[in-house]
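Below is one structure, written out as structure tokens; comments come after it.
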Amino acid sequence: MKTIGEKIRDARERKGLSQTALARRVGISQPSLVKIEDGRTKNPSKLIEIAAELDIPLIELRPELSTRLQNGESIKPSGVVHRQFNFPVYLLIQGRNGRTTMSKNPVELIERPSLLMDVKDSYGVRVSDGTMVPAYEVGDVVFIHPYMPPVPDTDVLLRRTEQDESEAVIRRMLNETATEWHVLQYSPRREARLPKSEWTQCDRIVGKYNRK
């Protein structure tokens with residue numbers, strides 16, 4: 001298994017950055033980065049900034065942070081007080097049965113969107129299929145506001161739980177009745193009426209990060 005330093009070095013080289021360039025971007029010296037990459041510095045104080053610059057999911061470098069996140073702890077970069085890298089992102093997983101399930105735990109922590117800076121329990125979902133192209137491409141991260149009600153002509157994440165498995169789909173809300181969600185899938189274009197008795201959670205999508 002690769003060390004934190006090896007993962008950082010590999011990601012830096014993939015992006016074509018020198019040690020000097022990366023060190024300057026995150027506010028440390030080049031010798032300090034050398035110590036991080038060769039493993040002499042075990043717990044870098046600038047790890048969040050390094051992960052952000054290299055587009056590495058923070059949980060990939062520090063798996064224990066998922067527990068801290070679930071306990072409600074705020075995780076911020078040491079030297080940048082106006083940015084927060086504590087926005088949990090879940091993954092939509094394509095199953096063999098054609099259903100899309102959502103990971104039980106966050107797969108990464110990314111920079112929190114400004115519009116959700118103070119919204120408790122907000123989260124992101126990484127898109128894994130093309131059913132909502134062109135609105136959402138595979139790899140995009142959509143922002144979920146759990147307290148903003150779904151209304152017609154907005155996008156939503158609908159979820160249902162069956163046998164301890166959480167099925168989830170992204171759709172365009174067309175309308176709702178007392179018993180059904182009337183939604184639209186873009187690609188291929190298809191309307192559906194989903195029973196509220198099964199699809200009990202409907203959360204509003206308020207933005208996205210485009211895939212990199």
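Just so we're on the same page: first chain in the structure tokens is A, next is B, and so on; residues restart at 1 for each chain, and ligands are numbered from 1 in the order they show up.
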**OP:** Tell me which protein, DNA and RNA residues are within 10 Å of Arg172 of chain A, counting only C-alpha atoms, leaving out same-chain ones fewer than 4 positions away, and put them as a PyMOL selection string.
**Re:** chain A and resi 132+135+150-157+182-186+191+205
Subject >> Near-segment 114-129 of chain A list (9 Å; only C-alpha atoms; drop same-chain fewer than 2 positions) as number ranges by chain >> reply: A: 83-84, 87-94, 100, 102, 106, 111-112, 131-133, 136-147, 170, 206-208
Residues as selected, N, CA and C atoms, written as an mmCIF file, in the first residue's frame, can you do that?
```cif
data_model
loop_
_atom_site.group_PDB
_atom_site.id
_atom_site.type_symbol
_atom_site.label_atom_id
_atom_site.label_comp_id
_atom_site.auth_asym_id
_atom_site.auth_seq_id
_atom_site.Cartn_x
_atom_site.Cartn_y
_atom_site.Cartn_z
ATOM 1 N N ARG A 83 -11.906 29.106 3.467
ATOM 2 C CA ARG A 83 -12.238 27.924 2.691
ATOM 3 C C ARG A 83 -12.402 26.737 3.629
ATOM 4 N N GLN A 84 -13.397 25.910 3.346
ATOM 5 C CA GLN A 84 -13.628 24.733 4.166
ATOM 6 C C GLN A 84 -13.641 23.500 3.271
ATOM 7 N N PHE A 87 -16.912 19.183 2.897
ATOM 8 C CA PHE A 87 -18.166 18.882 2.205
ATOM 9 C C PHE A 87 -18.161 17.414 1.794
ATOM 10 N N PRO A 88 -19.030 16.584 2.407
ATOM 11 C CA PRO A 88 -19.002 15.154 2.118
ATOM 12 C C PRO A 88 -19.634 14.828 0.773
ATOM 13 N N VAL A 89 -18.980 13.964 0.026
ATOM 14 C CA VAL A 89 -19.484 13.560 -1.285
ATOM 15 C C VAL A 89 -19.704 12.051 -1.291
ATOM 16 N N TYR A 90 -20.914 11.661 -1.651
ATOM 17 C CA TYR A 90 -21.273 10.253 -1.762
ATOM 18 C C TYR A 90 -21.221 9.838 -3.236
ATOM 19 N N LEU A 91 -21.146 8.552 -3.461
ATOM 20 C CA LEU A 91 -21.024 8.028 -4.820
ATOM 21 C C LEU A 91 -22.281 7.264 -5.202
ATOM 22 N N LEU A 92 -22.788 7.535 -6.395
ATOM 23 C CA LEU A 92 -23.860 6.728 -6.963
ATOM 24 C C LEU A 92 -23.230 5.530 -7.662
ATOM 25 N N ILE A 93 -23.686 4.342 -7.320
ATOM 26 C CA ILE A 93 -23.067 3.104 -7.796
ATOM 27 C C ILE A 93 -24.046 2.350 -8.685
ATOM 28 N N GLN A 94 -23.609 2.034 -9.904
ATOM 29 C CA GLN A 94 -24.457 1.298 -10.837
ATOM 30 C C GLN A 94 -24.432 -0.188 -10.496
ATOM 31 N N THR A 100 -29.476 2.117 -9.266
ATOM 32 C CA THR A 100 -28.371 2.957 -8.812
ATOM 33 C C THR A 100 -28.498 3.139 -7.309
ATOM 34 N N MET A 102 -26.670 4.481 -3.523
ATOM 35 C CA MET A 102 -25.787 5.515 -3.019
ATOM 36 C C MET A 102 -24.916 4.931 -1.920
ATOM 37 N N PRO A 106 -19.407 8.789 2.978
ATOM 38 C CA PRO A 106 -18.762 9.662 1.994
ATOM 39 C C PRO A 106 -17.512 9.007 1.413
ATOM 40 N N GLU A 111 -14.031 20.951 -1.239
ATOM 41 C CA GLU A 111 -14.306 22.309 -0.776
ATOM 42 C C GLU A 111 -15.809 22.558 -0.721
ATOM 43 N N ARG A 112 -16.254 23.107 0.408
ATOM 44 C CA ARG A 112 -17.683 23.355 0.599
ATOM 45 C C ARG A 112 -18.141 24.508 -0.290
ATOM 46 N N THR A 131 -27.926 9.586 -17.466
ATOM 47 C CA THR A 131 -29.375 9.717 -17.602
ATOM 48 C C THR A 131 -29.860 11.161 -17.553
ATOM 49 N N MET A 132 -29.010 12.089 -17.052
ATOM 50 C CA MET A 132 -29.434 13.492 -16.972
ATOM 51 C C MET A 132 -28.555 14.417 -17.812
ATOM 52 N N VAL A 133 -27.838 13.864 -18.788
ATOM 53 C CA VAL A 133 -27.103 14.683 -19.753
ATOM 54 C C VAL A 133 -28.125 15.454 -20.592
ATOM 55 N N TYR A 136 -26.285 17.162 -16.273
ATOM 56 C CA TYR A 136 -25.260 16.596 -15.393
ATOM 57 C C TYR A 136 -24.510 15.494 -16.136
ATOM 58 N N GLU A 137 -23.189 15.663 -16.204
ATOM 59 C CA GLU A 137 -22.322 14.687 -16.861
ATOM 60 C C GLU A 137 -21.764 13.712 -15.828
ATOM 61 N N VAL A 138 -21.326 12.564 -16.316
ATOM 62 C CA VAL A 138 -20.655 11.605 -15.436
ATOM 63 C C VAL A 138 -19.424 12.270 -14.824
ATOM 64 N N GLY A 139 -19.315 12.223 -13.506
ATOM 65 C CA GLY A 139 -18.188 12.837 -12.805
ATOM 66 C C GLY A 139 -18.518 14.156 -12.146
ATOM 67 N N ASP A 140 -19.623 14.815 -12.553
ATOM 68 C CA ASP A 140 -20.047 16.034 -11.877
ATOM 69 C C ASP A 140 -20.405 15.740 -10.422
ATOM 70 N N VAL A 141 -20.265 16.738 -9.560
ATOM 71 C CA VAL A 141 -20.727 16.627 -8.181
ATOM 72 C C VAL A 141 -21.897 17.587 -7.995
ATOM 73 N N VAL A 142 -23.077 17.046 -7.684
ATOM 74 C CA VAL A 142 -24.252 17.897 -7.469
ATOM 75 C C VAL A 142 -24.353 18.234 -5.982
ATOM 76 N N PHE A 143 -24.867 19.439 -5.686
ATOM 77 C CA PHE A 143 -25.004 19.923 -4.311
ATOM 78 C C PHE A 143 -26.428 19.682 -3.835
ATOM 79 N N ILE A 144 -26.569 19.062 -2.670
ATOM 80 C CA ILE A 144 -27.875 18.739 -2.122
ATOM 81 C C ILE A 144 -28.175 19.619 -0.914
ATOM 82 N N HIS A 145 -29.298 20.338 -0.985
ATOM 83 C CA HIS A 145 -29.792 21.136 0.148
ATOM 84 C C HIS A 145 -30.961 20.359 0.751
ATOM 85 N N PRO A 146 -30.770 19.739 1.913
ATOM 86 C CA PRO A 146 -31.792 18.833 2.449
ATOM 87 C C PRO A 146 -33.026 19.528 3.003
ATOM 88 N N TYR A 147 -32.988 20.849 3.159
ATOM 89 C CA TYR A 147 -34.117 21.546 3.771
ATOM 90 C C TYR A 147 -34.861 22.461 2.805
ATOM 91 N N ILE A 170 -31.251 10.876 -9.875
ATOM 92 C CA ILE A 170 -31.374 12.318 -10.103
ATOM 93 C C ILE A 170 -32.383 12.526 -11.221
ATOM 94 N N VAL A 206 -29.103 22.168 -5.763
ATOM 95 C CA VAL A 206 -28.999 23.625 -5.856
ATOM 96 C C VAL A 206 -27.762 24.092 -6.627
ATOM 97 N N GLY A 207 -26.977 23.163 -7.163
ATOM 98 C CA GLY A 207 -25.781 23.554 -7.917
ATOM 99 C C GLY A 207 -24.920 22.344 -8.189
ATOM 100 N N LYS A 208 -23.736 22.597 -8.748
ATOM 101 C CA LYS A 208 -22.837 21.485 -9.042
ATOM 102 C C LYS A 208 -21.409 21.998 -9.244
#
```
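The spacing separating atom CA of Arg204 of chain A from atom CA of Met148 of chain A amounts to 6.0 Å.
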Subject >> 9 Å contact set for Leu22 of chain A, only C-alpha atoms, chain neighbours under 4 positions out, as a PyMOL selection string >> reply: chain A and resi 12+17-18+26-28+30+33+50+53-54
Subject >> Nearby residues (only C-alpha atoms) at most 12 Å from Lys15 of chain A, same-chain spacing under 4 positions excluded, as an MDAnalysis selection string >> reply: chainID A and resid 8:11 19 21:22 53:56
Could you write out the selected residues, including C-alpha atoms, as a compact mmCIF listing (two decimals), in the first residue's frame?
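Now in out_15.txt:
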```
# COMPACT_ATOMS: atom_id res chain seq x y z
CA ILE A 8 1.24 13.01 -3.10
CA ARG A 9 4.33 12.57 -5.27
CA ASP A 10 2.42 10.49 -7.87
CA ALA A 11 -0.42 13.04 -8.04
CA GLN A 19 8.17 20.22 -5.92
CA ALA A 21 5.78 24.87 -7.65
CA LEU A 22 3.55 22.79 -5.37
CA GLU A 53 -4.13 21.50 -5.18
CA LEU A 54 -3.61 17.97 -6.47
CA ASP A 55 -7.31 17.01 -6.70
CA ILE A 56 -6.83 14.09 -4.32
```
